[in-house]
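Shown next: target_18.txt, given as compact mmCIF, C-alpha atoms.
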# COMPACT_ATOMS: atom_id res chain seq x y z
CA MET E 1 0.00 0.00 0.00
CA ILE E 2 1.24 3.43 -0.91
CA PRO E 3 1.44 6.04 1.86
CA GLN E 4 -0.69 9.16 1.64
CA TRP E 5 1.11 11.97 -0.17
CA GLU E 6 1.81 13.98 2.99
CA ASN E 7 3.26 10.89 4.73
CA ARG E 8 5.75 10.02 2.00
CA PRO E 9 9.44 10.68 2.56
CA VAL E 10 10.49 13.72 0.50
CA VAL E 11 12.92 11.71 -1.64
CA ILE E 12 10.25 9.11 -2.50
CA ALA E 13 7.66 11.81 -3.17
CA ASN E 14 10.06 13.59 -5.53
CA LEU E 15 11.41 10.55 -7.38
CA LEU E 16 8.23 8.48 -7.60
CA ASN E 17 5.64 11.19 -8.04
CA PRO E 18 2.77 10.22 -10.37
CA ALA E 19 3.54 12.91 -12.95
CA PHE E 20 7.14 11.76 -13.44
CA CYS E 21 6.33 8.04 -13.37
CA GLY E 22 3.35 8.70 -15.62
CA GLU E 23 5.55 10.45 -18.17
CA VAL E 24 7.96 7.49 -18.17
CA LEU E 25 5.01 5.15 -18.78
CA ARG E 26 3.41 7.42 -21.38
CA ILE E 27 6.62 7.51 -23.41
CA ALA E 28 6.94 3.72 -23.17
CA ILE E 29 3.30 3.19 -24.20
CA LYS E 30 3.70 5.62 -27.10
CA ALA E 31 6.88 3.89 -28.30
CA TYR E 32 5.28 0.44 -28.05
CA GLN E 33 2.19 1.63 -29.92
CA LYS E 34 4.32 3.22 -32.65
CA GLU E 35 6.41 0.07 -33.07
CA THR E 36 3.55 -2.47 -33.02
CA ASN E 37 0.42 -0.51 -33.99
CA HIS E 38 -1.23 -2.05 -30.90
CA GLY E 39 -1.88 -0.94 -27.38
CA LEU E 40 0.50 -2.02 -24.65
CA PRO E 41 -0.75 -5.05 -22.69
CA PHE E 42 -1.68 -3.82 -19.23
CA ALA E 43 0.51 -6.35 -17.39
CA VAL E 44 3.62 -5.27 -19.31
CA THR E 45 3.21 -1.75 -17.96
CA PHE E 46 4.42 -2.97 -14.57
CA LEU E 47 7.85 -3.83 -15.99
CA PHE E 48 8.82 -0.34 -17.11
CA LEU E 49 9.44 1.52 -13.87
CA PRO E 50 11.46 -1.29 -12.23
CA LEU E 51 13.60 -1.66 -15.35
CA LEU E 52 14.00 1.99 -16.28
CA LEU E 53 14.43 3.60 -12.88
CA ASP E 54 17.26 1.30 -11.82
CA LYS E 55 20.50 2.74 -13.26
CA ASN E 56 22.37 -0.58 -13.28
CA THR E 57 19.59 -2.22 -15.29
CA ARG E 58 19.11 0.80 -17.55
CA ASP E 59 22.83 0.87 -18.38
CA ARG E 60 22.61 -2.73 -19.61
CA PHE E 61 19.92 -2.02 -22.19
CA PRO E 62 20.86 -2.59 -25.82
CA LYS E 63 21.43 0.52 -27.90
CA THR E 64 18.96 -0.60 -30.59
CA THR E 65 15.53 -2.20 -30.61
CA THR E 66 16.63 -5.19 -32.69
CA SER E 67 17.22 -7.31 -29.57
CA LYS E 68 14.28 -9.25 -28.19
CA PHE E 69 13.53 -8.68 -24.51
CA TYR E 70 13.76 -12.37 -23.65
CA GLN E 71 17.14 -12.64 -25.37
CA TRP E 72 18.41 -9.53 -23.57
CA LEU E 73 17.20 -10.91 -20.25
CA GLU E 74 19.01 -14.21 -20.86
CA GLU E 75 22.23 -12.34 -21.66
CA ASN E 76 21.83 -10.19 -18.52
CA ALA E 77 20.79 -12.80 -15.99
CA VAL E 78 21.87 -10.58 -13.09
CA VAL E 79 18.83 -8.40 -13.83
CA LYS E 80 16.54 -11.32 -12.95
CA ILE E 81 17.91 -11.55 -9.40
CA PHE E 82 16.07 -8.53 -7.96
CA ILE E 83 13.50 -7.75 -10.65
CA GLY E 84 10.67 -9.54 -8.82
CA THR E 85 11.23 -7.52 -5.66
CA ARG E 86 11.52 -4.26 -7.60
CA ILE E 87 8.31 -4.97 -9.53
CA LYS E 88 6.46 -5.79 -6.31
CA ASN E 89 7.76 -2.64 -4.60
CA LEU E 90 6.83 -0.38 -7.53
CA VAL E 91 3.36 -1.81 -8.29
CA PRO E 92 1.58 0.84 -6.18
CA TYR E 93 3.52 3.66 -7.87
CA THR E 94 2.85 2.20 -11.31
CA ARG E 95 -0.86 1.99 -10.54
CA GLU E 96 -0.84 5.55 -9.26
CA ALA E 97 0.91 6.73 -12.44
CA ILE E 98 -1.60 4.87 -14.65
CA GLN E 99 -4.48 6.46 -12.74
CA PHE E 100 -2.84 9.87 -13.15
CA LEU E 101 -2.49 9.37 -16.92
CA ILE E 102 -6.07 8.18 -17.33
CA TYR E 103 -7.41 11.03 -15.18
CA TYR E 104 -5.59 13.59 -17.36
CA ASP E 105 -6.60 11.81 -20.59
CA ALA E 106 -2.98 11.10 -21.54
CA ILE E 107 -3.71 7.42 -22.20
CA ASN E 108 -6.76 5.32 -22.93
CA ASN E 109 -7.49 2.04 -21.17
CA THR E 110 -9.45 -0.38 -23.35
CA LEU E 111 -9.96 -3.78 -21.75
CA ALA E 112 -6.46 -5.23 -21.40
CA ASN E 113 -4.41 -2.68 -23.36
CA LEU E 114 -3.23 0.88 -22.82
CA TYR E 115 -3.17 3.33 -25.72
CA PHE E 116 -1.45 6.67 -26.09
CA TYR E 117 -3.73 9.50 -27.30

Output the file's structure in the form of structure tokens.
Amino acid sequence: MIPQWENRPVVIANLLNPAFCGEVLRIAIKAYQKETNHGLPFAVTFLFLPLLLDKNTRDRFPKTTTSKFYQWLEENAVVKIFIGTRIKNLVPYTREAIQFLIYYDAINNTLANLYFY
């Protein structure tokens, strides 16, 4: 459960605020939609913040989009060690960011997919 805004530590409130996390997700959803011509599956949304906000993981990303995610993950097995914990810890912030984006009409939620407007 996510603490009320006024009860969050300042560092957490600044780094994981819904506007910033929402912008990270919006850019990811937009890129996915552009690449595939489909909305982003809702469950996949929960991978972005844990992968992108961790500098060690982010620095391991390939420089091009020709690599498949599964292949990259196999080549960077160290990422798998803590990814489950990071995903679990960031689920509330991801949900809050999705709610923020939907509230401000930045994305559209249709059944199981998220679309960029």

| said: With distances taken over all atoms listed in the file, which residue among E:Trp72, E:Phe20, E:Tyr32, E:Tyr115 lies nearest Phe100 of chain E? | reply: E:Phe20

| Quick one: distance from atom CA of Ile29 of chain E to atom CA of Thr57 of chain E in Å, one decimal? |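 Straight-line distance from atom CA of Ile29 of chain E to atom CA of Thr57 of chain E works out to 19.3 Å.
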
May I have a table of the residues of segment 1-24 of chain E lying at most 12 Å from segment 42-53 of chain E, giving each one's closest pair of atoms and their distance in Å to one decimal, counting all atoms listed in the file, ordered by chain and ascending residue number, as JSON lines?
{"residue": "E:Leu15", "atom": "CA", "partner": "E:Leu53", "partner_atom": "CA", "distance": 9.4}
{"residue": "E:Leu16", "atom": "CA", "partner": "E:Leu49", "partner_atom": "CA", "distance": 9.4}
{"residue": "E:Asn17", "atom": "CA", "partner": "E:Leu49", "partner_atom": "CA", "distance": 11.9}
{"residue": "E:Pro18", "atom": "CA", "partner": "E:Leu49", "partner_atom": "CA", "distance": 11.5}
{"residue": "E:Phe20", "atom": "CA", "partner": "E:Leu49", "partner_atom": "CA", "distance": 10.5}
{"residue": "E:Cys21", "atom": "CA", "partner": "E:Leu49", "partner_atom": "CA", "distance": 7.2}
{"residue": "E:Gly22", "atom": "CA", "partner": "E:Leu49", "partner_atom": "CA", "distance": 9.6}
{"residue": "E:Glu23", "atom": "CA", "partner": "E:Leu49", "partner_atom": "CA", "distance": 10.6}
{"residue": "E:Val24", "atom": "CA", "partner": "E:Leu49", "partner_atom": "CA", "distance": 7.5}

Atoms to include: C-alpha atoms. Write the selected residues as an mmCIF file, in the frame of the given file.
data_model
loop_
_atom_site.group_PDB
_atom_site.id
_atom_site.type_symbol
_atom_site.label_atom_id
_atom_site.label_comp_id
_atom_site.auth_asym_id
_atom_site.auth_seq_id
_atom_site.Cartn_x
_atom_site.Cartn_y
_atom_site.Cartn_z
ATOM 1 C CA LEU E 15 11.410 10.550 -7.380
ATOM 2 C CA LEU E 16 8.230 8.480 -7.600
ATOM 3 C CA ASN E 17 5.640 11.190 -8.040
ATOM 4 C CA PRO E 18 2.770 10.220 -10.370
ATOM 5 C CA PHE E 20 7.140 11.760 -13.440
ATOM 6 C CA CYS E 21 6.330 8.040 -13.370
ATOM 7 C CA GLY E 22 3.350 8.700 -15.620
ATOM 8 C CA GLU E 23 5.550 10.450 -18.170
ATOM 9 C CA VAL E 24 7.960 7.490 -18.170
#

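Across E:Val11, E:Ala19, E:Met1, E:Ile83, the tightest approach to Tyr104 of chain E is made by E:Ala19 when counting all atoms listed in the file.
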
| request: Rounded to one decimal place, report the atom CA of Val10 of chain E-atom CA of Tyr93 of chain E distance in Å. | output: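 Atom CA of Tyr93 of chain E lies 14.8 Å from atom CA of Val10 of chain E.
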
| task | Provide the atom CA of Glu6 of chain E to atom CA of Glu96 of chain E distance in Å, to one decimal place. | result |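 Computed distance, atom CA of Glu6 of chain E to atom CA of Glu96 of chain E, equals 15.1 Å.
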
| message | Considering only C-alpha atoms, can you say which of E:Leu90, E:Val79, E:Leu114, E:Ile2 comes closest to Lys55 of chain E? | response |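 Among E:Leu90, E:Val79, E:Leu114, E:Ile2, it is E:Val79 that comes nearest to Lys55 of chain E.
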
| said: Env of Phe116 of chain E: 12 Å cut, atoms = all atoms listed in the file, seq-sep filter 2 positions within chain, self excluded. Answer as a VMD selection string. | reply: chain E and resid 22 to 23 25 to 34 37 to 40 98 101 to 102 104 to 110 113 to 114

| message | Counting only C-alpha atoms, which residue out of E:Ala13, E:Glu35, E:Gln99, E:Pro92 sits closest to Thr65 of chain E? | response |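 Answer, going by the shortest atom-to-atom distance: E:Glu35.
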
Grab all the atoms of segment 54-70 of chain E that the file lists, wrap them in a box along x, y and z, add 8 Å per side, and give me centre plus edge lengths in Å (one decimal) as AutoDock Vina command-line options.
--center_x 18.2 --center_y -4.8 --center_z -22.3 --size_x 25.3 --size_y 31.1 --size_z 36.9
